[in-house]
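Novice: Here you go, one structure.
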Amino acid sequence: MITLAEFLIAFFLIIAGIFGFVGSFGLLKLNDEMSRLHAPTKATTLGVGGVLLASMLNAAVVQGHLSLHELMITLFLFLTAPITAHFIAKVHIHLQESRDTLPEAGGDGLWATHDTPADED
Amino acid sequence: MGIMKRLVPHPILTLLLTFTWLCLAATWTLNSLLFGLGLGLIIPFVTQPYWPNRPRLRAPLKIAEYILVVLWDIVIANTIVARIVLFKPNADRKPAWVTIPLELKTPEAITMLAGTITMTPGTLSADLSSEGHALLVHCLDAPDPDAMRDEIKDRYERRLMEIFE
């Protein structure tokens, strides 16, 4: 039973390591700013997720107590990671994109980042 | 009913805060349960003015289904994106902006959708249109942007519509 659990813990750690590596490698390899932003979402989902699963399993089987801190880490990550990514994307739109390089904004005409007070004159 | 509603304006948030406190304290005693419950009662009461029109959850059980679908998609999309990052030359990759017209109206539901799109690898929500009727999404590799748009609308937006509206 313990051996099986140790195999599983090792498996999750290896998965986490692989996806953490792919995330960092993506930052180097991808060649435009917006694509590079995709790399960290991998590291924060399966990369961190694998470590947290391994940690919970280790606490439950090897140390024999229930550990729920990992669930909280997941919760806080899922709350904060999209907001950070959203801010970086907004900075990119401010600096690199103009109204012509982005697609049509549905029926509204403008994307919120380009909706500056000057439009109201 | 009236006075209960005024004192406990948000029962789900109260439960969530209590649970969060218990997990953070990591001690399953009556003491921390009472303290967590106290926080869970005070915080929604104090922050009540900040959500004047919060949406009703029409189908709370569908949230569990939604979370499972998203977790599964994260695993699948991770392997797809890992393959793109490791083996696809940059010249063959077709990054694209995709406009997703929104049927969701409530800000909370749109936030959930945007967060979901960012957390599933390969897509990233970047901006909202000026009146909130469309979402700007960046795709890492989208040979067919229209198919991508339809998939997001069908998998996530339809489920969120059932939960919130």
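Here's how to read the names in the structure tokens: chain A, B, ... by the order shown, residue numbers from 1 in each chain, ligand numbers from 1 in the order shown.
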Identify, with DSSP run on backbone atoms, the residues in chain B assigned to alpha helix (DSSP H), and express the list as a ChimeraX atom specification.
Specialist: /B:2-7,11-25,30-47,60-87,107-119,145-152,158-164
Novice: Produce a table with one row for each residue of chain B that has an atom at most 6 Å from any atom of chain A, each row naming the nearest atom pair and its distance in Å at one decimal; use only C-alpha atoms; arrange rows by chain and rising residue number; format as CSV.
Specialist:
```
residue,atom,partner,partner_atom,distance
B:Cys23,CA,A:Leu68,CA,5.5
B:Val85,CA,A:Gly26,CA,5.7
B:Pro101,CA,A:Gly106,CA,5.9
B:Gly115,CA,A:Pro82,CA,5.3
B:Thr118,CA,A:Pro82,CA,5.6
B:Pro121,CA,A:Lys42,CA,5.9
B:Ala126,CA,A:Ala89,CA,5.3
B:Leu128,CA,A:Ala112,CA,5.7
B:Ser129,CA,A:Trp111,CA,4.0
B:Ser130,CA,A:Ala112,CA,4.1
B:Ala134,CA,A:Gly106,CA,5.5
B:Leu140,CA,A:Ser35,CA,5.6
```
Novice: Residues near segment 147-157 of chain B, anyone? I mean within 8 Å using only C-alpha atoms, not counting same-chain ones fewer than 3 positions away, as a ChimeraX atom specification.
Specialist: /B:66,98-100,103-104,113,117,142,144,160-161
Novice: Provide the atom CA of Pro143 of chain B to atom CA of Ile80 of chain B distance in Å, to one decimal place.
Specialist: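 For atom CA of Pro143 of chain B relative to atom CA of Ile80 of chain B, the distance reads 13.9 Å.
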Novice: Tell me which protein, DNA and RNA residues are within 7 Å of segment 35-45 of chain B, counting only C-alpha atoms, leaving out same-chain ones fewer than 2 positions away, and put them as a ChimeraX atom specification.
Specialist: /B:7-10,13-15,17-18,21-22,31-33,47-48
Novice: So that I have them on file, write out the residues from the current selection with N, CA and C atoms, as an mmCIF file, in the first residue's frame.
Specialist:
```
data_model
loop_
_atom_site.group_PDB
_atom_site.id
_atom_site.type_symbol
_atom_site.label_atom_id
_atom_site.label_comp_id
_atom_site.auth_asym_id
_atom_site.auth_seq_id
_atom_site.Cartn_x
_atom_site.Cartn_y
_atom_site.Cartn_z
ATOM 1 N N LEU B 7 -29.290 39.642 8.384
ATOM 2 C CA LEU B 7 -28.101 39.311 9.173
ATOM 3 C C LEU B 7 -27.152 38.389 8.417
ATOM 4 N N VAL B 8 -27.701 37.462 7.608
ATOM 5 C CA VAL B 8 -26.862 36.542 6.831
ATOM 6 C C VAL B 8 -27.168 36.768 5.355
ATOM 7 N N PRO B 9 -26.582 37.833 4.763
ATOM 8 C CA PRO B 9 -26.995 38.192 3.399
ATOM 9 C C PRO B 9 -26.517 37.208 2.354
ATOM 10 N N HIS B 10 -25.525 36.417 2.685
ATOM 11 C CA HIS B 10 -24.910 35.592 1.646
ATOM 12 C C HIS B 10 -24.512 34.246 2.248
ATOM 13 N N LEU B 13 -21.439 32.320 0.807
ATOM 14 C CA LEU B 13 -20.148 32.942 1.144
ATOM 15 C C LEU B 13 -19.794 32.652 2.594
ATOM 16 N N THR B 14 -20.796 32.662 3.481
ATOM 17 C CA THR B 14 -20.548 32.335 4.886
ATOM 18 C C THR B 14 -19.953 30.931 5.021
ATOM 19 N N LEU B 15 -20.552 29.965 4.320
ATOM 20 C CA LEU B 15 -20.029 28.593 4.372
ATOM 21 C C LEU B 15 -18.619 28.521 3.791
ATOM 22 N N LEU B 17 -16.337 30.888 3.548
ATOM 23 C CA LEU B 17 -15.346 31.532 4.408
ATOM 24 C C LEU B 17 -15.029 30.653 5.611
ATOM 25 N N THR B 18 -16.066 30.032 6.193
ATOM 26 C CA THR B 18 -15.833 29.142 7.326
ATOM 27 C C THR B 18 -14.920 27.989 6.925
ATOM 28 N N TRP B 21 -11.370 29.148 6.403
ATOM 29 C CA TRP B 21 -10.679 29.369 7.666
ATOM 30 C C TRP B 21 -10.253 28.040 8.292
ATOM 31 N N LEU B 22 -11.146 27.048 8.248
ATOM 32 C CA LEU B 22 -10.811 25.742 8.824
ATOM 33 C C LEU B 22 -9.615 25.128 8.105
ATOM 34 N N ASN B 31 -13.119 25.370 18.551
ATOM 35 C CA ASN B 31 -12.604 26.725 18.658
ATOM 36 C C ASN B 31 -12.450 27.382 17.291
ATOM 37 N N SER B 32 -11.730 26.696 16.373
ATOM 38 C CA SER B 32 -11.502 27.318 15.072
ATOM 39 C C SER B 32 -12.779 27.317 14.239
ATOM 40 N N LEU B 33 -13.669 26.329 14.479
ATOM 41 C CA LEU B 33 -14.958 26.338 13.768
ATOM 42 C C LEU B 33 -15.758 27.583 14.134
ATOM 43 N N THR B 47 -19.313 43.673 3.916
ATOM 44 C CA THR B 47 -19.056 43.976 2.501
ATOM 45 C C THR B 47 -20.333 43.983 1.661
ATOM 46 N N GLN B 48 -21.465 43.821 2.316
ATOM 47 C CA GLN B 48 -22.773 43.782 1.633
ATOM 48 C C GLN B 48 -22.995 44.908 0.614
#
```
Novice: Any idea what's packed within 9 Å of segment 49-59 of chain B, counting only C-alpha atoms, ignoring anything in its chain fewer than 4 positions away? Could you give it as number ranges by chain?
Specialist: B: 45, 63, 106-109, 162-165
Novice: Can you list, as number ranges by chain, every residue of segment 22-140 of chain B that DSSP puts in strand (DSSP E)?
Specialist: B: 96-101, 123-128, 134-139
Novice: Using only C-alpha atoms, can you tell me which of B:Lys62, B:Ala91, B:Ile67, B:Ala96 comes closest to Asp146 of chain B?
Specialist: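 Closest to Asp146 of chain B, using only C-alpha atoms: B:Ala96.
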Novice: May I ask which of the residues A:Met56, A:Ile2, A:Asp100, A:Thr84 is the closest one to Met119 of chain B, counting only C-alpha atoms?
Specialist: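 Of A:Met56, A:Ile2, A:Asp100, A:Thr84, the one nearest Met119 of chain B, counting only C-alpha atoms, is A:Thr84.
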Novice: Between A:Arg99, A:Val48, A:Leu57, A:Pro117, which has the minimum distance to Ala10 of chain A (counting only C-alpha atoms)?
Specialist: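 Comparing A:Arg99, A:Val48, A:Leu57, A:Pro117 against Ala10 of chain A, the winner is A:Leu57.
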Novice: To one decimal place, how far is atom CA of Glu131 of chain B from atom CA of Glu97 of chain A in Å?
Specialist: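 If I compute the distance from atom CA of Glu131 of chain B to atom CA of Glu97 of chain A, I get 19.6 Å.
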